[in-house]
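Source file: target-v4.cif. Holds: mmCIF, C-alpha atoms.
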```cif
data_protein
#
loop_
_atom_site.label_atom_id
_atom_site.label_comp_id
_atom_site.auth_asym_id
_atom_site.auth_seq_id
_atom_site.Cartn_x
_atom_site.Cartn_y
_atom_site.Cartn_z
CA MET A 1 5.96 28.64 -8.96
CA ALA A 2 7.67 27.76 -5.74
CA THR A 3 6.13 30.12 -3.21
CA ASN A 4 2.70 31.22 -2.17
CA ALA A 5 1.22 33.81 0.13
CA SER A 6 2.49 31.94 3.17
CA ASN A 7 6.07 32.22 1.85
CA ARG A 8 6.55 28.51 2.25
CA TYR A 9 8.43 26.85 -0.56
CA THR A 10 9.42 23.56 -2.07
CA GLY A 11 12.73 22.37 -3.48
CA GLU A 12 11.50 23.02 -6.99
CA LEU A 13 13.88 25.93 -7.65
CA LEU A 14 16.98 24.33 -6.14
CA HIS A 15 20.16 24.77 -8.12
CA ILE A 16 23.02 22.41 -7.29
CA SER A 17 26.35 21.66 -8.90
CA PHE A 18 29.41 19.65 -7.93
CA LYS A 19 32.76 19.89 -9.71
CA GLY A 20 31.08 22.17 -12.20
CA VAL A 21 28.49 19.56 -13.18
CA VAL A 22 24.93 20.79 -12.81
CA LEU A 23 22.78 18.22 -11.02
CA GLN A 24 19.40 19.80 -10.49
CA ALA A 25 17.50 18.29 -13.42
CA ASP A 26 17.54 14.83 -11.86
CA PHE A 27 17.73 15.33 -8.12
CA ARG A 28 15.01 14.08 -5.82
CA SER A 29 16.27 15.56 -2.58
CA VAL A 30 19.25 17.27 -1.05
CA SER A 31 19.77 17.25 2.68
CA VAL A 32 22.39 19.20 4.58
CA THR A 33 23.19 18.33 8.17
CA GLU A 34 25.37 20.74 10.11
CA SER A 35 26.78 19.90 13.51
CA THR A 36 29.23 21.14 16.09
CA ASP A 37 31.35 19.02 18.39
CA THR A 38 31.53 20.05 22.03
CA VAL A 39 33.74 19.51 25.02
CA ASP A 40 32.24 19.12 28.47
CA VAL A 41 33.86 21.69 30.75
CA SER A 42 31.76 21.00 33.82
CA ALA A 43 33.95 20.88 36.93
CA GLY A 44 34.14 21.43 40.63
CA ALA A 45 30.88 22.59 42.09
CA SER A 46 29.01 22.70 38.75
CA ARG A 47 25.41 21.66 39.15
CA ALA A 48 24.69 21.62 35.43
CA ARG A 49 26.85 20.52 32.54
CA THR A 50 28.46 23.27 30.50
CA TYR A 51 30.24 23.01 27.17
CA ILE A 52 32.50 24.80 24.79
CA ARG A 53 32.23 24.36 21.04
CA THR A 54 35.12 22.83 19.14
CA LEU A 55 34.89 21.66 15.52
CA ASN A 56 31.92 22.00 13.24
CA ALA A 57 31.07 19.82 10.26
CA ALA A 58 28.54 19.46 7.49
CA GLU A 59 27.30 16.34 5.74
CA ILE A 60 25.39 16.57 2.49
CA THR A 61 23.25 13.82 0.99
CA ILE A 62 22.11 14.06 -2.62
CA GLU A 63 19.50 11.66 -3.93
CA TYR A 64 18.97 11.62 -7.66
CA LEU A 65 17.65 9.46 -10.49
CA GLU A 66 20.38 8.02 -12.62
CA GLN A 67 20.46 8.35 -16.40
CA LEU A 68 21.89 5.82 -18.80
CA THR A 69 25.58 6.27 -19.49
CA THR A 70 24.82 7.94 -22.81
CA ALA A 71 23.55 11.03 -21.00
CA GLY A 72 24.56 10.49 -17.40
CA SER A 73 28.30 9.95 -17.56
CA ALA A 74 29.22 13.45 -16.44
CA ILE A 75 27.16 13.16 -13.26
CA ARG A 76 28.44 9.65 -12.55
CA THR A 77 32.03 10.81 -12.87
CA ALA A 78 31.52 13.93 -10.79
CA LEU A 79 29.84 12.04 -7.96
CA ALA A 80 32.08 8.98 -7.97
CA LEU A 81 33.37 7.68 -4.68
CA ASN A 82 36.40 9.66 -3.41
CA ALA A 83 35.75 12.56 -5.80
CA ASP A 84 36.61 16.01 -4.46
CA GLY A 85 35.28 19.30 -5.72
CA THR A 86 33.33 22.45 -5.09
CA LEU A 87 29.72 22.04 -4.10
CA ILE A 88 27.37 24.93 -4.79
CA TYR A 89 23.70 24.93 -3.99
CA ALA A 90 20.96 27.51 -3.96
CA PRO A 91 17.57 26.47 -2.57
CA GLU A 92 15.71 29.41 -4.11
CA GLY A 93 17.54 29.49 -7.43
CA THR A 94 20.32 31.73 -8.64
CA ALA A 95 18.57 35.06 -9.10
CA VAL A 96 20.36 38.08 -7.67
CA GLY A 97 19.96 38.27 -3.90
CA LYS A 98 19.02 34.62 -3.38
CA PRO A 99 20.84 32.55 -0.73
CA ARG A 100 24.06 30.89 -1.82
CA TYR A 101 25.91 28.02 -0.17
CA SER A 102 29.28 26.65 -1.24
CA CYS A 103 32.10 24.51 0.11
CA ILE A 104 34.77 22.06 -0.89
CA ALA A 105 33.36 18.57 -0.40
CA MET A 106 34.45 14.97 -0.75
CA VAL A 107 32.30 12.04 -1.78
CA THR A 108 32.40 9.51 1.05
CA GLY A 109 29.60 7.16 0.07
CA VAL A 110 27.57 6.13 -2.98
CA ASP A 111 24.48 3.96 -2.64
CA ARG A 112 22.86 2.76 -5.88
CA THR A 113 19.64 0.76 -6.08
CA TYR A 114 18.65 -1.21 -9.16
CA PRO A 115 15.05 -2.36 -8.70
CA TYR A 116 13.78 -4.73 -11.37
CA ASP A 117 10.51 -2.87 -11.87
CA ASP A 118 11.28 0.67 -10.84
CA ILE A 119 13.52 3.59 -11.56
CA VAL A 120 17.24 3.47 -10.71
CA SER A 121 18.17 5.88 -7.95
CA VAL A 122 21.41 6.95 -6.30
CA SER A 123 22.16 8.39 -2.90
CA VAL A 124 25.51 10.14 -2.52
CA ASN A 125 27.03 11.28 0.76
CA LEU A 126 29.50 14.15 0.86
CA LEU A 127 31.47 15.69 3.69
CA ARG A 128 32.35 19.35 3.71
CA ASP A 129 36.14 19.64 3.63
CA GLY A 130 37.13 22.82 5.44
CA ALA A 131 34.97 25.82 6.20
CA TRP A 132 32.00 27.11 4.25
CA ILE A 133 32.98 29.27 1.31
CA ALA A 134 29.50 30.71 1.10
CA HIS A 135 26.62 30.31 3.55
CA TYR A 136 23.53 32.46 3.75
CA GLU A 137 22.89 32.25 7.49
CA GLN A 138 26.53 32.32 8.65
CA LEU A 139 28.19 34.53 6.03
CA ALA A 140 25.21 36.36 4.49
CA SER A 141 26.17 34.92 1.10
CA VAL A 142 23.88 35.67 -1.83
CA PHE A 143 24.06 35.57 -5.60
CA MET B 1 5.12 21.00 -19.20
CA ASN B 2 3.07 19.28 -21.89
CA LEU B 3 0.71 16.35 -21.64
CA PRO B 4 2.37 13.47 -23.45
CA ASP B 5 0.07 12.08 -26.15
CA VAL B 6 0.35 8.46 -25.07
CA ASP B 7 -2.87 7.57 -26.92
CA TYR B 8 -1.10 8.44 -30.16
CA GLY B 9 1.99 6.49 -29.12
CA ILE B 10 0.08 3.31 -28.33
CA TYR B 11 -1.97 3.52 -31.51
CA GLN B 12 1.17 3.93 -33.61
CA LYS B 13 2.78 1.06 -31.76
CA LEU B 14 -0.16 -1.29 -32.30
CA ILE B 15 -0.65 -0.51 -35.98
CA ALA B 16 3.07 -1.07 -36.56
CA SER B 17 2.56 -4.78 -35.88
CA ALA B 18 1.45 -6.76 -38.93
CA THR B 19 0.59 -9.65 -36.61
CA ILE B 20 -1.93 -7.47 -34.81
CA THR B 21 -3.40 -5.62 -37.77
CA THR B 22 -3.88 -8.88 -39.67
CA LEU B 23 -6.03 -10.12 -36.78
CA VAL B 24 -8.22 -7.01 -36.61
CA GLY B 25 -9.06 -6.02 -40.17
CA GLY B 26 -5.75 -5.45 -41.93
CA ALA B 27 -3.16 -2.69 -42.14
CA VAL B 28 -5.36 -0.21 -44.05
CA THR B 29 -8.27 0.00 -41.60
CA PRO B 30 -7.31 -1.90 -38.47
CA ARG B 31 -10.03 -2.11 -35.85
CA ILE B 32 -7.97 -0.49 -33.12
CA TYR B 33 -9.78 2.23 -31.21
CA ASN B 34 -9.12 4.70 -28.43
CA LEU B 35 -11.70 4.71 -25.63
CA GLN B 36 -14.61 3.29 -27.61
CA ALA B 37 -15.24 1.24 -30.71
CA PRO B 38 -17.75 2.53 -33.29
CA ILE B 39 -21.28 1.18 -32.87
CA GLN B 40 -21.69 -2.27 -34.41
CA SER B 41 -18.00 -2.54 -35.19
CA ALA B 42 -17.02 -5.87 -36.71
CA LEU B 43 -15.25 -8.33 -34.47
CA PRO B 44 -12.59 -8.78 -33.30
CA TYR B 45 -11.36 -5.34 -32.32
CA ILE B 46 -9.04 -3.67 -29.83
CA VAL B 47 -9.87 -0.81 -27.52
CA PHE B 48 -7.27 0.95 -25.40
CA TYR B 49 -7.67 3.81 -22.98
CA HIS B 50 -5.99 5.82 -20.25
CA ASN B 51 -7.06 4.22 -17.01
CA ALA B 52 -5.06 6.15 -14.41
CA GLY B 53 -1.79 7.90 -13.72
CA GLY B 54 -0.03 11.01 -14.93
CA PHE B 55 2.68 13.24 -13.56
CA ASP B 56 5.06 11.63 -11.05
CA ASN B 57 6.77 14.88 -9.97
CA LEU B 58 9.90 12.97 -9.00
CA THR B 59 12.51 15.44 -10.26
CA PRO B 60 12.63 18.81 -12.04
CA ARG B 61 13.22 16.93 -15.32
CA GLY B 62 9.71 15.48 -15.24
CA GLU B 63 8.56 11.88 -15.18
CA TYR B 64 5.21 10.30 -15.97
CA THR B 65 3.53 7.00 -15.21
CA PHE B 66 0.47 6.13 -17.28
CA ASP B 67 -1.69 3.10 -16.60
CA TYR B 68 -3.43 2.07 -19.79
CA ARG B 69 -5.95 -0.68 -20.35
CA VAL B 70 -5.83 -2.65 -23.57
CA GLU B 71 -8.86 -4.78 -24.26
CA CYS B 72 -9.69 -7.17 -27.06
CA VAL B 73 -13.27 -8.07 -28.00
CA ALA B 74 -14.19 -11.10 -30.10
CA ASP B 75 -17.00 -13.57 -30.66
CA SER B 76 -14.93 -16.56 -29.58
CA ARG B 77 -12.65 -17.26 -26.69
CA GLN B 78 -9.83 -18.45 -28.92
CA VAL B 79 -9.78 -15.39 -31.18
CA CYS B 80 -10.06 -13.10 -28.16
CA TYR B 81 -7.05 -14.77 -26.55
CA THR B 82 -5.04 -14.66 -29.79
CA VAL B 83 -5.57 -10.92 -30.27
CA ALA B 84 -4.91 -10.10 -26.61
CA ASN B 85 -1.78 -12.21 -26.61
CA ALA B 86 -0.49 -10.50 -29.75
CA CYS B 87 -0.98 -7.10 -28.10
CA ALA B 88 0.70 -8.21 -24.89
CA THR B 89 3.69 -9.63 -26.71
CA HIS B 90 4.05 -6.48 -28.78
CA LEU B 91 3.81 -4.05 -25.84
CA HIS B 92 5.29 -5.68 -22.74
CA ASN B 93 8.89 -4.57 -22.14
CA ASN B 94 8.97 -2.79 -25.48
CA ASP B 95 9.47 0.85 -26.33
CA ILE B 96 6.44 3.02 -27.08
CA PRO B 97 8.11 6.04 -28.69
CA LEU B 98 6.94 9.61 -28.14
CA THR B 99 8.88 12.55 -29.52
CA GLY B 100 10.62 14.42 -26.70
CA TYR B 101 10.18 11.67 -24.12
CA SER B 102 12.11 8.58 -23.09
CA ASN B 103 10.00 5.50 -22.45
CA TYR B 104 12.10 3.83 -19.78
CA SER B 105 9.65 1.13 -18.67
CA THR B 106 6.61 -0.61 -20.15
CA LYS B 107 5.20 -3.49 -18.17
CA ILE B 108 1.91 -5.37 -18.02
CA GLY B 109 0.31 -5.74 -14.62
CA GLN B 110 -3.18 -7.13 -14.18
CA VAL B 111 -4.71 -9.39 -16.80
CA TYR B 112 -8.44 -10.02 -16.91
CA SER B 113 -11.12 -11.84 -18.88
CA PHE B 114 -14.88 -11.65 -18.97
CA ILE B 115 -17.83 -12.29 -21.23
CA GLU B 116 -21.01 -10.40 -22.08
CA ASN B 117 -24.22 -11.69 -23.60
CA ASP B 118 -26.31 -9.38 -25.74
CA ASN B 119 -29.21 -10.33 -28.02
CA GLY B 120 -28.23 -13.96 -27.82
CA LYS B 121 -24.65 -13.31 -28.82
CA GLN B 122 -21.49 -13.80 -26.80
CA TYR B 123 -18.84 -11.09 -26.60
CA TRP B 124 -15.55 -12.37 -25.22
CA ARG B 125 -13.27 -9.78 -23.68
CA LYS B 126 -9.69 -10.19 -22.60
CA GLY B 127 -7.30 -7.44 -21.68
CA PHE B 128 -4.58 -6.17 -19.44
CA ASP B 129 -3.38 -3.11 -17.60
CA ILE B 130 -0.04 -1.80 -18.73
CA LYS B 131 2.14 0.72 -16.92
CA ILE B 132 4.02 3.02 -19.29
CA ARG B 133 6.68 5.29 -17.82
CA TYR B 134 8.30 8.28 -19.51
CA SER B 135 10.78 10.95 -18.60
CA ILE B 136 11.41 14.17 -20.49
CA GLU B 137 14.55 13.97 -22.61
#
```
The structure in this file should be written as structure tokens.
Amino acid sequence: MATNASNRYTGELLHISFKGVVLQADFRSVSVTESTDTVDVSAGASRARTYIRTLNAAEITIEYLEQLTTAGSAIRTALALNADGTLIYAPEGTAVGKPRYSCIAMVTGVDRTYPYDDIVSVSVNLLRDGAWIAHYEQLASVF
Amino acid sequence: MNLPDVDYGIYQKLIASATITTLVGGAVTPRIYNLQAPIQSALPYIVFYHNAGGFDNLTPRGEYTFDYRVECVADSRQVCYTVANACATHLHNNDIPLTGYSNYSTKIGQVYSFIENDNGKQYWRKGFDIKIRYSIE
């Protein structure tokens, strides 16, 4: 159950994989930040700044709970620093017609925390490398 | 998602210790009880129960944190301490197995002591709260 009458939803159904390794069993959150660079083209008698868009980018942060190496080696290897691969995620699951997002991404940061009396967690930063391969809002991509 | 039977896990863990069972009646009928001891149970005995906690909802895999209270009751301070200490040594930082779950942390938190007087008799109590954490395998 991930929806109710209000059509709000949680991340419960999220599917995510990187380099073919499925991550969703142990993730705590996935955040995707998209941005566009701009150039200020205000000139002459302009009374208000105006811009044109240049390059866009996307940064993805995956937070997950790490498993011991006996079970977690595949995820550790896939999300190692400097790893490159295809990222696929689907916030509402992979049923036919559900939104699909995909891109080539590179791991640019890995932040592990080893608390003495709490669970070991990892935060991984990825940068999209190139354009979106699939994107629900921009490309109408679905499963 | 099932409710892990931590009561069963703790009981099995406690009766697996000869040190503990020897102190509370022997391996055949150890006086180790869940929630409540039988009326007029011989002393000393151990009672353990689920005090708080449950589903953590951290990830889709499923994690749990259970706070249990383990309490020892005896008619002398020394015996009460000995039984409580045996339980603490046997549980703290040790695995409490449950089929289908990984017990990734078991740690004692609060420790407490108190005494009751009933019909001219002293009942010494010493116990501790223990946090037991599982994830689904």
Starting from the displayed file, determine the output of the PyMOL selection byres ((chain A and resi 40) around 8) and express the residue list as number ranges by chain. A: 38-39, 41-42, 49-52
Contacts from chain A to chain B, 10 Å maximum, all atoms listed in the file: show me the residue list as a list in words. Gly11, Glu12, Leu13, Leu14, Gln24, Ala25, Asp26, Phe27, Arg28, Ser29, Tyr64, Leu65, Ala71, Asp117, Asp118 and Ile119 of chain A
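Considering the residues A:Cys103, A:Val142, A:Ile60, A:Ile88 and counting only C-alpha atoms, Gly130 (chain A) has its shortest atom-to-atom contact with A:Cys103.
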Given the choices B:Tyr101, B:Tyr49, B:Phe114, B:Tyr68, which gets closest to Lys126 (chain B) if the distance is worked out from only C-alpha atoms? B:Phe114
Which protein, DNA or RNA residues are at most 12 Å from (11.7, 7.7, -25.0) in the file's coordinates when you count all atoms listed in the file, listed as a list of chain:residue names? B:Pro4, B:Val6, B:Gly9, B:Glu63, B:Tyr64, B:Asn94, B:Asp95, B:Ile96, B:Pro97, B:Leu98, B:Thr99, B:Gly100, B:Tyr101, B:Ser102, B:Asn103, B:Tyr104, B:Ser105, B:Thr106, B:Ile132, B:Arg133, B:Tyr134, B:Ser135, B:Ile136, B:Glu137
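Of the residues under consideration (B:Cys87, B:Val111, B:Pro38, B:Thr82), B:Cys87 shows the shortest atom-to-atom contact distance to Tyr11 (chain B) when counting all atoms listed in the file.
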Nearby residues (all atoms listed in the file) at most 10 Å from region 16-33 of chain B, same-chain spacing under 4 positions excluded, as a PyMOL selection string: chain B and resi 7+10-12+37-38+41-49+70-72+74+79-80+82-87+90
Write a file of the just-selected residues containing C-alpha atoms, as a short mmCIF file (atom, residue, chain, number, x, y, z; two decimals), in the coordinates of the input.
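Printed below is out.cif as written:
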```
data_model
loop_
_atom_site.label_atom_id
_atom_site.label_comp_id
_atom_site.auth_asym_id
_atom_site.auth_seq_id
_atom_site.Cartn_x
_atom_site.Cartn_y
_atom_site.Cartn_z
CA ASP B 7 -2.87 7.57 -26.92
CA ILE B 10 0.08 3.31 -28.33
CA TYR B 11 -1.97 3.52 -31.51
CA GLN B 12 1.17 3.93 -33.61
CA ALA B 37 -15.24 1.24 -30.71
CA PRO B 38 -17.75 2.53 -33.29
CA SER B 41 -18.00 -2.54 -35.19
CA ALA B 42 -17.02 -5.87 -36.71
CA LEU B 43 -15.25 -8.33 -34.47
CA PRO B 44 -12.59 -8.78 -33.30
CA TYR B 45 -11.36 -5.34 -32.32
CA ILE B 46 -9.04 -3.67 -29.83
CA VAL B 47 -9.87 -0.81 -27.52
CA PHE B 48 -7.27 0.95 -25.40
CA TYR B 49 -7.67 3.81 -22.98
CA VAL B 70 -5.83 -2.65 -23.57
CA GLU B 71 -8.86 -4.78 -24.26
CA CYS B 72 -9.69 -7.17 -27.06
CA ALA B 74 -14.19 -11.10 -30.10
CA VAL B 79 -9.78 -15.39 -31.18
CA CYS B 80 -10.06 -13.10 -28.16
CA THR B 82 -5.04 -14.66 -29.79
CA VAL B 83 -5.57 -10.92 -30.27
CA ALA B 84 -4.91 -10.10 -26.61
CA ASN B 85 -1.78 -12.21 -26.61
CA ALA B 86 -0.49 -10.50 -29.75
CA CYS B 87 -0.98 -7.10 -28.10
CA HIS B 90 4.05 -6.48 -28.78
#
```
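Here CA of Arg53 (chain A) stands at a distance of 25.9 Å from CA of Pro99 (chain A).
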Give as a PDB file with C-alpha atoms, keeping the file's coordinate frame the residues that the PyMOL selection byres ((chain B and resi 51) around 8) matches when applied to the coordinates above.
```pdb
ATOM      1  CA  TYR B  49      -7.670   3.810 -22.980  1.00  0.00           C
ATOM      2  CA  HIS B  50      -5.990   5.820 -20.250  1.00  0.00           C
ATOM      3  CA  ALA B  52      -5.060   6.150 -14.410  1.00  0.00           C
ATOM      4  CA  GLY B  53      -1.790   7.900 -13.720  1.00  0.00           C
ATOM      5  CA  PHE B  66       0.470   6.130 -17.280  1.00  0.00           C
ATOM      6  CA  ASP B  67      -1.690   3.100 -16.600  1.00  0.00           C
ATOM      7  CA  TYR B  68      -3.430   2.070 -19.790  1.00  0.00           C
ATOM      8  CA  ARG B  69      -5.950  -0.680 -20.350  1.00  0.00           C
TER       9      ARG B  69
END
```
Using the chain letters and numbers from this file, what does the PyMOL selection byres ((chain A and resi 107) around 9) select? Give the answer as a ChimeraX atom specification. /A:79-85,105-106,108-110,124-127
Export of the given selection (C-alpha atoms) as a CSV table (one decimal), in the frame of the given file:
```
chain,number,residue,atom,x,y,z
A,79,LEU,CA,29.8,12.0,-8.0
A,80,ALA,CA,32.1,9.0,-8.0
A,81,LEU,CA,33.4,7.7,-4.7
A,82,ASN,CA,36.4,9.7,-3.4
A,83,ALA,CA,35.8,12.6,-5.8
A,84,ASP,CA,36.6,16.0,-4.5
A,85,GLY,CA,35.3,19.3,-5.7
A,105,ALA,CA,33.4,18.6,-0.4
A,106,MET,CA,34.4,15.0,-0.8
A,108,THR,CA,32.4,9.5,1.0
A,109,GLY,CA,29.6,7.2,0.1
A,110,VAL,CA,27.6,6.1,-3.0
A,124,VAL,CA,25.5,10.1,-2.5
A,125,ASN,CA,27.0,11.3,0.8
A,126,LEU,CA,29.5,14.2,0.9
A,127,LEU,CA,31.5,15.7,3.7
```
Which neighbours of Ala74 (chain A) fall inside 12 Å, counting all atoms listed in the file, when residues of the same chain fewer than 3 positions from it are skipped, and could you give them as a PyMOL selection string? chain A and resi 17-23+66-71+77-80
The distance between CA of Asp75 (chain B) and CA of Gln122 (chain B) is 5.9 Å
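Note that CA of Arg112 (chain A) and CA of Gly109 (chain B) are 25.6 Å apart.
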Within 6 Å of file point (20.7, 38.5, -2.1), counting only C-alpha atoms, expressed as a PyMOL selection string: chain A and resi 96-98+142-143
Same residues, C-alpha atoms, saved as a PDB file, in the coordinates of the input:
```pdb
ATOM      1  CA  VAL A  96      20.360  38.080  -7.670  1.00  0.00           C
ATOM      2  CA  GLY A  97      19.960  38.270  -3.900  1.00  0.00           C
ATOM      3  CA  LYS A  98      19.020  34.620  -3.380  1.00  0.00           C
ATOM      4  CA  VAL A 142      23.880  35.670  -1.830  1.00  0.00           C
ATOM      5  CA  PHE A 143      24.060  35.570  -5.600  1.00  0.00           C
TER       6      PHE A 143
END
```
